[in-house]
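S.K.: Please read through the structure below; I'll follow up with questions.
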Amino acid sequence: MSAIAASTHLVGAGVDRVDGPLKVQGAAPYPSDVAYPNLVHAALVRSTIAAGRIKHLDTGAAEDVPGVLAVITHKNAPKLERGPMTLLGPSPQTPLQDARILHYGQYVAVVVAESPQQAVGAARLVELHYEPADALLEIDDLRGERRANPWGLDRHRGDVGAALASADARFDATYSTAINVNNPIGLFATVAAWDGDTVTVHDATQWTKTVQTTIAAIFGIPETDVRVHAPYLGGAFGAGLRVWPHVILAVLAARIAGRPVKLVLTRPQMFTGIGYRPSTEQTISIGATRTGNLVALEHRATIAIAMEDEFPEPVTLGSAASYACPNASVGDIEHRLNIPPPGSLRAPGEAEGNFALESAIDELAHQLGVDPLELRLRNYAEVEPQSGLPWSSKGLRECLTLGAERFGWWKRNPQVASMREGPWKIGYGVAQLSYAWWQVRCEARASISRDGTAFVRSAANDIGTGTRTVMTQLSAGLLGLELERVRFDLGDSAYPWSPGAGGSGLTTSVGVAVHAACHRLLQRFLDTVATDADSPLAGRTLDEVAVAGGRIHRRDDASAGETYSEILARHNLDDLTADGEGTPPDAAQLEVAPSGPFAAKFVEVRVDADLGLLRVTRIVTAVDGGRILNEKLARSQVIGGTIGGIGQALFEDVITDPNTGRIANATFGDYLIPVNADVPDIDVVFVGKPDPLTAIGTKGVGEIGLPATAAAIANAVYHATGRRIRSLPITIDQLL
Ligand code: MOS
């Protein structure tokens, strides 16, 4: 902590991305760029039915294509284990293990050929005949197996039934959200190269170490024989948190072909093979006093999940932590369908659950005639409402009040459909968000060389969020070095263990490990000179020194010190290295509720009175993200998240053929995402203070921008038009 304070000019500064120049020059190695001599290419064949089995399979024509090296199907694939349990639940199915089809788009063959064109051409010639079975495709299909509290995340307090029954005011409604697909610009790609019984994998993953562990388990080899590189990827939004079947198939194909294999997914394959935000149906019941104090809150969500898969999508969990309300019951129900396996998409669960909760709160406000912002402040959770413990830090009130001021909330005419400019009906909407806390044990290693440069590393990932940059800043601050003297590297499974870039938790997880590693490294320097009569630092403890300008000096006398280089040279050392581990705080023992980030979102929409056109014209987002390590990058995260929220609110909707399960709009031409013309200036303000639970004070900002956007937009649409839209996306036809 002391070292951070000493170097505040680096931490928090809006420095540019350290990898920016490489990226704009096209020199950053993305997995699809990786080349090997002798590289061959794989193409996938996908099931065209959603349920049933492969009755007949003929690969002869494909095998006869010039350049084809192998056609692998369930008939000739080796028996492979299923991947291991992970921090985020069990691994997805291992592909090509039997003739059963569980969803449309399931891989049924992989073709390996000298050129990508040969592989794709031959893949089309694989002949498949299916015996289809009745597919369960719709979330309201009552034949589907349903399971309550599937992930043990349901929360209950008080007596909701009794409180609802006796409440002065009561509100009930049903909401639904569509399937939204992770659509990073970078197509997911894997390059696998075996050397004897060891394999190197270059992958578009958010979690290098889970790819290593999973490939080792599935192929029955030691983890040390799997090396995974993931220095860059073209976005992911959560899609890279699981090890998907195509990764396994690339590794398998390379083993069978005896050559390095590159596999790049097509855009349609991205819609079925790398997870997505599943559809939900949600009911909310609220009981309140006449003056708008919540007395009961019930939130139930049905969430679509794939056959023989398990992945937590906690939709209602956030509702338990949102408001001071003595009686609450929130719970998830998974509903099994013949759909491609869902996975995380930025703010998984919260994105859907917050839409329902924050729409319902707005509806209650209108029902009671209370200003929607006022209603939120009136029910502000001063303590964590489920546990009753104090928050480790909470700046949501500041988000609400400062955000309102910046936006001009109080200029709003509370009357619905009362604000108009020419053909445009104007509406203001607000929503708030209490995001989940997530920090995972993580390791880092730090070295300083005789030339006075530092090298800090962890197996962590930078998915475009800026991990490399903020960890360079943090390391530089902790070691008292200029940025140019520090290299932070990641995305290599050979580096110390790190969790994935997910759950808005990586900055804190890695940051705490980097903090520990840098402090231990400083300690090693002090140990080295402990009995060194030539050193002005001899016998000094960490508390007695500070760092600046590549030099350790005494706190009580800045002139008494020496550089890292001087210490290393005098002791004949090339470098010193130290490992650090960051562990999540034991919150239970501290008797506080560890706090995630908080946000308030204010939106202005305009709806064309005649045409139903809906435009989002202003958005203010106020965020408590704890200590912000780099305001420029943090702002980018919130802007990007907000745009994802506009997509969820207005555009994104996977259309599934009810007969075959085929996704009818699996291209960028047909699946709509926001473009520049759909996105107004997005104003972001940070109001948080360093969170005291960790030495670095950060909270995650990777996902905080997304949820609350959809609800704020829907609430603004209601204010503009009097139309309450309870299903996402909000489309023109609903506004005519
Ligand atoms: Mo995120 S959906 O935790 O990458």
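FYI, nothing fancy with the structure tokens labels: chains A, B, ... in order, residues from 1 per chain, ligands from 1 as they appear.
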What lies within 7 Å of range 507-513 of chain A using only C-alpha atoms, ignoring chain neighbours under 5 positions off, as a PyMOL selection string?
M.R.: chain A and resi 439-444+467+471+580-582+695-696+698-700
S.K.: Could you list, as number ranges by chain, all protein and nucleic acid residues with an atom at most 9 Å from ligand 1, counting only C-alpha atoms and all ligand atoms?
M.R.: A: 206, 236-241, 343-348, 463, 500-505, 702-703
S.K.: Emit the selected residues as a PDB file, in the first residue's frame, including N, CA and C atoms.
M.R.:
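Generated file (part_17.pdb):
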ATOM      1  N   GLN A 206      -9.956 -16.900 -22.650  1.00  0.00           N
ATOM      2  CA  GLN A 206      -9.850 -15.914 -21.577  1.00  0.00           C
ATOM      3  C   GLN A 206      -9.158 -16.518 -20.366  1.00  0.00           C
ATOM      4  N   ALA A 236     -14.040 -11.365 -26.551  1.00  0.00           N
ATOM      5  CA  ALA A 236     -14.559 -12.650 -26.077  1.00  0.00           C
ATOM      6  C   ALA A 236     -15.853 -12.465 -25.270  1.00  0.00           C
ATOM      7  N   PHE A 237     -15.858 -11.511 -24.340  1.00  0.00           N
ATOM      8  CA  PHE A 237     -17.067 -11.171 -23.577  1.00  0.00           C
ATOM      9  C   PHE A 237     -17.581 -12.319 -22.716  1.00  0.00           C
ATOM     10  N   GLY A 238     -16.734 -13.296 -22.439  1.00  0.00           N
ATOM     11  CA  GLY A 238     -17.153 -14.449 -21.633  1.00  0.00           C
ATOM     12  C   GLY A 238     -17.093 -15.744 -22.426  1.00  0.00           C
ATOM     13  N   ALA A 239     -17.086 -15.655 -23.753  1.00  0.00           N
ATOM     14  CA  ALA A 239     -17.079 -16.864 -24.591  1.00  0.00           C
ATOM     15  C   ALA A 239     -15.804 -17.682 -24.390  1.00  0.00           C
ATOM     16  N   GLY A 240     -14.747 -17.032 -23.933  1.00  0.00           N
ATOM     17  CA  GLY A 240     -13.472 -17.736 -23.785  1.00  0.00           C
ATOM     18  C   GLY A 240     -13.225 -18.266 -22.388  1.00  0.00           C
ATOM     19  N   LEU A 241     -14.279 -18.438 -21.600  1.00  0.00           N
ATOM     20  CA  LEU A 241     -14.086 -18.933 -20.236  1.00  0.00           C
ATOM     21  C   LEU A 241     -14.222 -20.447 -20.130  1.00  0.00           C
ATOM     22  N   GLY A 343     -23.121 -20.121 -22.307  1.00  0.00           N
ATOM     23  CA  GLY A 343     -21.941 -19.821 -21.502  1.00  0.00           C
ATOM     24  C   GLY A 343     -22.082 -18.390 -21.022  1.00  0.00           C
ATOM     25  N   SER A 344     -20.978 -17.811 -20.611  1.00  0.00           N
ATOM     26  CA  SER A 344     -21.047 -16.440 -20.106  1.00  0.00           C
ATOM     27  C   SER A 344     -21.088 -15.444 -21.253  1.00  0.00           C
ATOM     28  N   LEU A 345     -21.880 -14.429 -21.098  1.00  0.00           N
ATOM     29  CA  LEU A 345     -21.778 -13.244 -21.947  1.00  0.00           C
ATOM     30  C   LEU A 345     -21.828 -12.039 -21.020  1.00  0.00           C
ATOM     31  N   ARG A 346     -20.800 -11.281 -21.017  1.00  0.00           N
ATOM     32  CA  ARG A 346     -20.642 -10.078 -20.191  1.00  0.00           C
ATOM     33  C   ARG A 346     -21.802  -9.839 -19.215  1.00  0.00           C
ATOM     34  N   ALA A 347     -21.478  -9.960 -17.939  1.00  0.00           N
ATOM     35  CA  ALA A 347     -22.457  -9.831 -16.856  1.00  0.00           C
ATOM     36  C   ALA A 347     -23.503 -10.939 -16.904  1.00  0.00           C
ATOM     37  N   PRO A 348     -23.043 -12.207 -16.975  1.00  0.00           N
ATOM     38  CA  PRO A 348     -23.986 -13.316 -17.093  1.00  0.00           C
ATOM     39  C   PRO A 348     -24.956 -13.352 -15.914  1.00  0.00           C
ATOM     40  N   ILE A 463      -8.052  -9.578 -22.430  1.00  0.00           N
ATOM     41  CA  ILE A 463      -9.012  -9.862 -23.499  1.00  0.00           C
ATOM     42  C   ILE A 463      -9.399  -8.582 -24.234  1.00  0.00           C
ATOM     43  N   GLY A 500      -9.201 -17.016 -14.844  1.00  0.00           N
ATOM     44  CA  GLY A 500      -9.542 -16.433 -16.136  1.00  0.00           C
ATOM     45  C   GLY A 500      -9.914 -14.970 -16.011  1.00  0.00           C
ATOM     46  N   ALA A 501      -9.912 -14.310 -17.179  1.00  0.00           N
ATOM     47  CA  ALA A 501     -10.367 -12.926 -17.229  1.00  0.00           C
ATOM     48  C   ALA A 501     -11.880 -12.964 -17.241  1.00  0.00           C
ATOM     49  N   GLY A 502     -12.485 -13.001 -16.072  1.00  0.00           N
ATOM     50  CA  GLY A 502     -13.938 -13.124 -16.006  1.00  0.00           C
ATOM     51  C   GLY A 502     -14.471 -12.637 -14.680  1.00  0.00           C
ATOM     52  N   GLY A 503     -15.787 -12.483 -14.649  1.00  0.00           N
ATOM     53  CA  GLY A 503     -16.450 -12.098 -13.408  1.00  0.00           C
ATOM     54  C   GLY A 503     -16.024 -10.736 -12.901  1.00  0.00           C
ATOM     55  N   SER A 504     -15.493  -9.908 -13.777  1.00  0.00           N
ATOM     56  CA  SER A 504     -14.998  -8.585 -13.387  1.00  0.00           C
ATOM     57  C   SER A 504     -13.969  -8.698 -12.263  1.00  0.00           C
ATOM     58  N   GLY A 505     -13.310  -9.861 -12.177  1.00  0.00           N
ATOM     59  CA  GLY A 505     -12.452 -10.069 -11.011  1.00  0.00           C
ATOM     60  C   GLY A 505     -10.965 -10.131 -11.291  1.00  0.00           C
ATOM     61  N   GLY A 702     -15.201  -4.477 -15.601  1.00  0.00           N
ATOM     62  CA  GLY A 702     -15.352  -5.092 -16.917  1.00  0.00           C
ATOM     63  C   GLY A 702     -16.791  -5.306 -17.350  1.00  0.00           C
ATOM     64  N   GLU A 703     -17.674  -5.484 -16.392  1.00  0.00           N
ATOM     65  CA  GLU A 703     -19.057  -5.813 -16.745  1.00  0.00           C
ATOM     66  C   GLU A 703     -20.064  -4.767 -16.260  1.00  0.00           C
TER      67      GLU A 703
END
S.K.: Write out as a PDB file with C-alpha atoms, in the first residue's frame the set of residues from range 491-691 of chain A that DSSP, computed on the backbone, places in alpha helix (DSSP H).
M.R.:
ATOM      1  CA  LEU A 506      -9.147 -10.265 -12.828  1.00  0.00           C
ATOM      2  CA  THR A 507      -7.753  -6.820 -12.079  1.00  0.00           C
ATOM      3  CA  THR A 508      -8.158  -7.386  -8.365  1.00  0.00           C
ATOM      4  CA  SER A 509      -7.059 -11.036  -8.465  1.00  0.00           C
ATOM      5  CA  VAL A 510      -3.875 -10.413 -10.464  1.00  0.00           C
ATOM      6  CA  GLY A 511      -3.287  -7.011  -8.944  1.00  0.00           C
ATOM      7  CA  VAL A 512      -3.157  -8.429  -5.431  1.00  0.00           C
ATOM      8  CA  ALA A 513      -0.731 -11.137  -6.626  1.00  0.00           C
ATOM      9  CA  VAL A 514       1.440  -8.534  -8.369  1.00  0.00           C
ATOM     10  CA  HIS A 515       1.353  -6.452  -5.212  1.00  0.00           C
ATOM     11  CA  ALA A 516       2.546  -9.436  -3.176  1.00  0.00           C
ATOM     12  CA  ALA A 517       5.246 -10.359  -5.712  1.00  0.00           C
ATOM     13  CA  CYS A 518       6.604  -6.809  -5.899  1.00  0.00           C
ATOM     14  CA  HIS A 519       6.723  -6.487  -2.132  1.00  0.00           C
ATOM     15  CA  ARG A 520       8.534  -9.793  -1.794  1.00  0.00           C
ATOM     16  CA  LEU A 521      10.947  -8.698  -4.485  1.00  0.00           C
ATOM     17  CA  LEU A 522      11.697  -5.506  -2.570  1.00  0.00           C
ATOM     18  CA  GLN A 523      12.178  -7.658   0.516  1.00  0.00           C
ATOM     19  CA  ARG A 524      14.687  -9.772  -1.417  1.00  0.00           C
ATOM     20  CA  PHE A 525      16.668  -6.642  -2.258  1.00  0.00           C
ATOM     21  CA  LEU A 526      16.635  -5.639   1.403  1.00  0.00           C
ATOM     22  CA  ASP A 527      17.673  -9.168   2.412  1.00  0.00           C
ATOM     23  CA  THR A 528      20.548  -8.962  -0.066  1.00  0.00           C
ATOM     24  CA  TYR A 564      18.472  -1.846  -7.968  1.00  0.00           C
ATOM     25  CA  SER A 565      21.327  -1.969 -10.480  1.00  0.00           C
ATOM     26  CA  GLU A 566      23.897  -0.917  -7.871  1.00  0.00           C
ATOM     27  CA  ILE A 567      22.739  -3.596  -5.454  1.00  0.00           C
ATOM     28  CA  LEU A 568      22.748  -6.335  -8.091  1.00  0.00           C
ATOM     29  CA  ALA A 569      26.157  -5.321  -9.465  1.00  0.00           C
ATOM     30  CA  ARG A 570      27.840  -5.151  -6.077  1.00  0.00           C
ATOM     31  CA  ALA A 587     -14.730 -11.761   4.403  1.00  0.00           C
ATOM     32  CA  ALA A 588     -16.624 -13.924   6.876  1.00  0.00           C
ATOM     33  CA  GLN A 589     -13.908 -13.393   9.419  1.00  0.00           C
ATOM     34  CA  LEU A 590     -13.760  -9.663   8.739  1.00  0.00           C
ATOM     35  CA  GLU A 631      -9.313   5.931 -15.883  1.00  0.00           C
ATOM     36  CA  LYS A 632      -8.975   5.914 -19.649  1.00  0.00           C
ATOM     37  CA  LEU A 633      -9.201   2.107 -19.875  1.00  0.00           C
ATOM     38  CA  ALA A 634     -11.857   1.850 -17.176  1.00  0.00           C
ATOM     39  CA  ARG A 635     -13.965   4.365 -19.082  1.00  0.00           C
ATOM     40  CA  SER A 636     -13.519   2.255 -22.224  1.00  0.00           C
ATOM     41  CA  GLN A 637     -14.820  -0.767 -20.340  1.00  0.00           C
ATOM     42  CA  VAL A 638     -17.913   1.072 -19.194  1.00  0.00           C
ATOM     43  CA  ILE A 639     -18.547   2.490 -22.666  1.00  0.00           C
ATOM     44  CA  GLY A 640     -18.138  -0.950 -24.252  1.00  0.00           C
ATOM     45  CA  GLY A 641     -20.390  -2.532 -21.661  1.00  0.00           C
ATOM     46  CA  THR A 642     -23.025   0.132 -22.201  1.00  0.00           C
ATOM     47  CA  ILE A 643     -22.998  -0.514 -25.942  1.00  0.00           C
ATOM     48  CA  GLY A 644     -23.468  -4.214 -25.193  1.00  0.00           C
ATOM     49  CA  GLY A 645     -26.450  -3.150 -23.082  1.00  0.00           C
ATOM     50  CA  ILE A 646     -27.890  -1.158 -25.982  1.00  0.00           C
TER      51      ILE A 646
END
S.K.: Pick out the closest residue to Ala593 in chain A from this set: A:Pro390, A:Gly550, A:Gly647, A:Gly234. Count only C-alpha atoms.
M.R.: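 Comparing A:Pro390, A:Gly550, A:Gly647, A:Gly234 against Ala593 in chain A, the winner is A:Pro390.
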S.K.: Could you check the closest approach to Lys394 in chain A for each of A:Leu88, A:Val330, A:Ala599, A:Leu368 and tell me which residue wins, using only C-alpha atoms?
M.R.: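 With only C-alpha atoms as the atom set, the closest residue is A:Ala599.
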S.K.: Would you mind telling me which residue in A:Leu57, A:Ala288, A:Leu297, A:Ile448 lies nearest to Ser319 in chain A when using only C-alpha atoms?
M.R.: A:Leu297
S.K.: Please run DSSP on the backbone and report, as a ChimeraX atom specification, all residues within range 228-372 of chain A that come out as strand (DSSP E or B).
M.R.: /A:228-229,261-264,276-277,280-288,294-306,323,327-337
S.K.: Any idea what's packed within 10 Å of range 125-132 of chain A, counting only C-alpha atoms, ignoring anything in its chain fewer than 3 positions away? Could you give it as JSON, numbers by chain?
M.R.: {"A": [45, 47, 48, 49, 50, 51, 52, 53, 54, 55, 56, 57, 58, 59, 60, 61, 62, 63, 64, 65, 71, 73, 99, 100, 101, 108, 109, 110, 111, 120, 121, 122, 135, 660]}
S.K.: Which residues, written as a ChimeraX atom specification, have at least one atom at most 10 Å from Ala169 in chain A, with only C-alpha atoms counted and residues fewer than 4 positions away on the same chain left out?
M.R.: /A:164-165,286-295,364,367-368
S.K.: Next, write the just-selected residues to a file, as a PDB file, in the first residue's frame, keeping N, CA, C and O atoms as the atom set.
M.R.:
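part.pdb, freshly written:
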ATOM      1  N   LEU A 164     -46.076 -10.251   1.279  1.00  0.00           N
ATOM      2  CA  LEU A 164     -46.773  -9.868   0.045  1.00  0.00           C
ATOM      3  C   LEU A 164     -48.274  -9.778   0.300  1.00  0.00           C
ATOM      4  O   LEU A 164     -48.948  -8.848  -0.166  1.00  0.00           O
ATOM      5  N   ALA A 165     -48.790 -10.746   1.048  1.00  0.00           N
ATOM      6  CA  ALA A 165     -50.232 -10.807   1.272  1.00  0.00           C
ATOM      7  C   ALA A 165     -50.730  -9.603   2.064  1.00  0.00           C
ATOM      8  O   ALA A 165     -51.854  -9.138   1.857  1.00  0.00           O
ATOM      9  N   ILE A 286     -43.601  -7.632  -5.909  1.00  0.00           N
ATOM     10  CA  ILE A 286     -43.097  -6.689  -4.912  1.00  0.00           C
ATOM     11  C   ILE A 286     -44.254  -6.249  -4.025  1.00  0.00           C
ATOM     12  O   ILE A 286     -45.354  -5.981  -4.518  1.00  0.00           O
ATOM     13  N   GLY A 287     -43.992  -6.201  -2.748  1.00  0.00           N
ATOM     14  CA  GLY A 287     -44.937  -5.602  -1.820  1.00  0.00           C
ATOM     15  C   GLY A 287     -44.296  -4.362  -1.218  1.00  0.00           C
ATOM     16  O   GLY A 287     -43.092  -4.347  -0.954  1.00  0.00           O
ATOM     17  N   ALA A 288     -45.102  -3.305  -1.029  1.00  0.00           N
ATOM     18  CA  ALA A 288     -44.545  -2.046  -0.513  1.00  0.00           C
ATOM     19  C   ALA A 288     -45.567  -1.324   0.345  1.00  0.00           C
ATOM     20  O   ALA A 288     -46.779  -1.598   0.266  1.00  0.00           O
ATOM     21  N   THR A 289     -45.059  -0.407   1.162  1.00  0.00           N
ATOM     22  CA  THR A 289     -45.963   0.493   1.870  1.00  0.00           C
ATOM     23  C   THR A 289     -46.460   1.535   0.871  1.00  0.00           C
ATOM     24  O   THR A 289     -45.887   1.687  -0.213  1.00  0.00           O
ATOM     25  N   ARG A 290     -47.485   2.274   1.248  1.00  0.00           N
ATOM     26  CA  ARG A 290     -48.034   3.269   0.327  1.00  0.00           C
ATOM     27  C   ARG A 290     -47.004   4.350  -0.031  1.00  0.00           C
ATOM     28  O   ARG A 290     -47.051   4.938  -1.089  1.00  0.00           O
ATOM     29  N   THR A 291     -46.062   4.557   0.888  1.00  0.00           N
ATOM     30  CA  THR A 291     -45.062   5.591   0.615  1.00  0.00           C
ATOM     31  C   THR A 291     -43.830   5.020  -0.101  1.00  0.00           C
ATOM     32  O   THR A 291     -42.865   5.736  -0.331  1.00  0.00           O
ATOM     33  N   GLY A 292     -43.883   3.737  -0.450  1.00  0.00           N
ATOM     34  CA  GLY A 292     -42.819   3.208  -1.293  1.00  0.00           C
ATOM     35  C   GLY A 292     -41.663   2.561  -0.558  1.00  0.00           C
ATOM     36  O   GLY A 292     -40.551   2.509  -1.083  1.00  0.00           O
ATOM     37  N   ASN A 293     -41.899   2.070   0.641  1.00  0.00           N
ATOM     38  CA  ASN A 293     -40.865   1.254   1.291  1.00  0.00           C
ATOM     39  C   ASN A 293     -41.125  -0.208   0.967  1.00  0.00           C
ATOM     40  O   ASN A 293     -42.209  -0.725   1.241  1.00  0.00           O
ATOM     41  N   LEU A 294     -40.128  -0.865   0.407  1.00  0.00           N
ATOM     42  CA  LEU A 294     -40.312  -2.268   0.040  1.00  0.00           C
ATOM     43  C   LEU A 294     -40.462  -3.116   1.295  1.00  0.00           C
ATOM     44  O   LEU A 294     -39.709  -2.967   2.252  1.00  0.00           O
ATOM     45  N   VAL A 295     -41.442  -4.018   1.279  1.00  0.00           N
ATOM     46  CA  VAL A 295     -41.572  -4.976   2.379  1.00  0.00           C
ATOM     47  C   VAL A 295     -41.379  -6.407   1.903  1.00  0.00           C
ATOM     48  O   VAL A 295     -41.084  -7.302   2.697  1.00  0.00           O
ATOM     49  N   LEU A 364     -43.368  -0.066 -10.130  1.00  0.00           N
ATOM     50  CA  LEU A 364     -43.913   0.199  -8.796  1.00  0.00           C
ATOM     51  C   LEU A 364     -43.909   1.705  -8.514  1.00  0.00           C
ATOM     52  O   LEU A 364     -44.874   2.250  -7.970  1.00  0.00           O
ATOM     53  N   GLN A 367     -46.748   3.216 -10.230  1.00  0.00           N
ATOM     54  CA  GLN A 367     -47.996   2.801  -9.577  1.00  0.00           C
ATOM     55  C   GLN A 367     -48.247   3.623  -8.310  1.00  0.00           C
ATOM     56  O   GLN A 367     -49.373   3.994  -8.016  1.00  0.00           O
ATOM     57  N   LEU A 368     -47.154   3.909  -7.573  1.00  0.00           N
ATOM     58  CA  LEU A 368     -47.305   4.633  -6.301  1.00  0.00           C
ATOM     59  C   LEU A 368     -47.227   6.145  -6.474  1.00  0.00           C
ATOM     60  O   LEU A 368     -47.451   6.885  -5.520  1.00  0.00           O
TER      61      LEU A 368
END
S.K.: Between A:Leu317, A:Val607, A:Ile221, A:Ile274, which one has atoms that come closest to Arg420 in chain A, using only C-alpha atoms?
M.R.: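 Checking each candidate against Arg420 in chain A, we get A:Val607 as the closest.
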S.K.: Tell me which of A:Glu81, A:Asp168, A:Glu591, A:Asp681 sits closest to Glu384 in chain A, counting only C-alpha atoms.
M.R.: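 Closest residue, counting only C-alpha atoms: A:Glu591.
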S.K.: Within 12 Å of Lys23 in chain A, counting only C-alpha atoms, which residues show up once you throw out same-chain ones fewer than 3 positions away? Write them as number ranges by chain, please.
M.R.: A: 17-20, 26-30, 231-234, 464
S.K.: When you count only C-alpha atoms, which of these residues is closest to Ala113 in chain A: A:Ala250, A:Val603, A:Ala257, A:Leu478?
M.R.: A:Ala257
S.K.: Do you have the CA of Ser393 in chain A-CA of Val15 in chain A distance handy?
M.R.: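 Straight-line distance from CA of Ser393 in chain A to CA of Val15 in chain A works out to 26.2 Å.
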S.K.: Enter the distance from CA of Val112 in chain A to CA of Pro341 in chain A, in Å, rounded to one decimal.
M.R.: 25.0 Å
S.K.: Could you give me, as a list of chain:residue names, the residues within 10 Å of Pro342 in chain A, counting only C-alpha atoms and dropping anything in the same chain fewer than 4 positions from it?
M.R.: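 Listing them by chain and then by number gives A:Pro92, A:Ile179, A:Asn180, A:Val181, A:Ala239, A:Thr272, A:Gly273, A:Ile274, A:Gly275, A:Tyr276, A:Arg277, A:Pro278, A:Ser279, A:Ala304, A:Ile305, A:Ala306, A:Asp309, A:Glu310, A:Phe311, A:Pro312, A:Glu313.
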S.K.: Just want the 7 Å neighbourhood of Lys209 in chain A, counted on only C-alpha atoms, with same-chain residues fewer than 4 positions away dropped. Output as an NGL selection string.
M.R.: :A and (213 or 459 or 493 or 497-498)
S.K.: Generate a file of the selected residues that holds C-alpha atoms, formatted as a CSV table (one decimal), in the first residue's frame.
M.R.:
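Resulting contents of out16.csv:
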chain,number,residue,atom,x,y,z
A,213,THR,CA,-5.7,-28.4,-17.4
A,459,ALA,CA,-0.7,-16.6,-16.7
A,493,SER,CA,0.4,-21.2,-19.2
A,497,TRP,CA,-1.3,-19.6,-12.0
A,498,SER,CA,-4.1,-17.2,-12.7
